[in-house]
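Visitor: Below you'll find the structure I mean.
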Amino acid sequence: MTPEAGNFVLKSELMKILTTIYSMLFNKCSRCHQGDVFKHKNPYDLKNMFSMHHSCDHCHLVYEREPGFFYGAMYVSYALSSGWFTIWYVFQNLFLNLDTLGFVIGFSASIVVMIPLSIRWSRLIWLNFFYSYKKDLSKELKNNTSHQYGEIN
């Protein structure tokens with residue numbers, strides 16, 4: 001592989017990570033970054049925590065590809081929780097030096113506070129696994145009428 005090709009692959013992967021982070025943090029469609037995925041902006045509105053739009057208002061991507069599609073997001077949520085535990089563990093050993101009970105209480109409290117964010121982020125990351133950002137999507141939407149069924153991948 002030439003150095004130029006290696007740089008292209010690295011930049012491509014970096015852009016994929018950055019677009020996933022953007023989609024995750026701002027509750028945007030993974031394909032067009034225009035429409036909102038969740039109906040309510042506040043993840044701590046517990047009554048509407050799971051309320052998602054059926055499809056994107058802009059590119060018409062249907063979010064739930066099949067019944068049970070978001071069960072896979074549980075694995076992402078597990079990874080997020082494991083990462084959060086690792087951060088807590090390192091922070092505890094470097095700065096806090098709490099006893100075991102203090103660590104368990106602090107970690108458990110932080111997990112409870114993070115649950116609404118974890119649910120949203122895991123679903124948005126899961127969507128990004130299957131639909132990547134398309135920079136020139138608006139041109140495709142003008143030329144293609146099948147977009148209303150989410151067929152542009």
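Just remember, in the structure tokens the first chain shown is A, the second B, etc., residues are 1-based per chain, and ligands are 1-based in the order shown.
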As a PyMOL selection string, list the residues of stretch 3-149 of chain A assigned to helix (DSSP H, G or I) by DSSP on the backbone atoms of this structure.
Guide: chain A and resi 3-26+46-48+69-96+100-130+137-143+146-149
Visitor: In terms of the shortest atom-to-atom distance over only C-alpha atoms, which of A:Lys134, A:Lys11, A:His60, A:Lys16 is closest to A:Val37?
Guide: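 Of A:Lys134, A:Lys11, A:His60, A:Lys16, the one nearest A:Val37 is A:His60, counting only C-alpha atoms.
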Visitor: Counting only C-alpha atoms, which residue out of A:Cys59, A:His54, A:Leu18, A:Asn48 sits closest to A:Glu140?
Guide: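 For A:Glu140, the nearest of the candidates is A:Cys59.
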Visitor: Within 12 Å of A:Ser82, counting only C-alpha atoms, which residues show up once you throw out same-chain ones fewer than 6 positions away? Write them as a short mmCIF file (atom, residue, chain, number, x, y, z; two decimals) with C-alpha atoms, in the first residue's frame, please.
Guide:
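Output below, filename result-v5.cif:
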data_model
loop_
_atom_site.label_atom_id
_atom_site.label_comp_id
_atom_site.auth_asym_id
_atom_site.auth_seq_id
_atom_site.Cartn_x
_atom_site.Cartn_y
_atom_site.Cartn_z
CA TYR A 75 -24.24 -4.55 22.74
CA VAL A 76 -23.22 -0.96 22.08
CA TRP A 88 -14.11 5.36 36.64
CA TYR A 89 -11.59 2.70 37.68
CA PHE A 107 -20.04 4.13 39.97
CA ILE A 111 -24.48 4.67 35.70
CA SER A 118 -26.51 5.57 27.02
#
Visitor: If you count only C-alpha atoms, which residues fall within 10 Å of stretch 64-69 of chain A, apart from same-chain ones fewer than 6 positions away, as a list in words?
Guide: Met52, His53, His54, Ser55, Arg123, Trp126, Leu127, Phe130 and Gly150 of chain A
Visitor: For those residues, write N, CA and C atoms to a file as a short mmCIF file (atom, residue, chain, number, x, y, z; two decimals), in the first residue's frame.
Guide:
data_model
loop_
_atom_site.label_atom_id
_atom_site.label_comp_id
_atom_site.auth_asym_id
_atom_site.auth_seq_id
_atom_site.Cartn_x
_atom_site.Cartn_y
_atom_site.Cartn_z
N MET A 52 -39.03 7.79 19.28
CA MET A 52 -38.22 8.04 18.08
C MET A 52 -39.15 8.33 16.90
N HIS A 53 -38.65 9.13 15.98
CA HIS A 53 -39.36 9.31 14.72
C HIS A 53 -39.29 8.00 13.94
N HIS A 54 -40.31 7.73 13.15
CA HIS A 54 -40.30 6.52 12.32
C HIS A 54 -39.22 6.62 11.23
N SER A 55 -39.10 7.82 10.64
CA SER A 55 -38.13 8.02 9.57
C SER A 55 -37.60 9.45 9.63
N ARG A 123 -28.31 3.64 20.48
CA ARG A 123 -29.16 3.53 19.29
C ARG A 123 -28.60 4.33 18.12
N TRP A 126 -25.61 2.49 16.77
CA TRP A 126 -26.09 1.32 16.04
C TRP A 126 -26.58 1.71 14.65
N LEU A 127 -27.31 2.81 14.55
CA LEU A 127 -27.74 3.31 13.23
C LEU A 127 -26.55 3.62 12.35
N PHE A 130 -24.95 0.88 10.25
CA PHE A 130 -25.66 0.43 9.05
C PHE A 130 -25.84 1.52 8.00
N GLY A 150 -36.31 4.78 2.06
CA GLY A 150 -35.02 4.57 2.70
C GLY A 150 -34.10 3.66 1.91
#
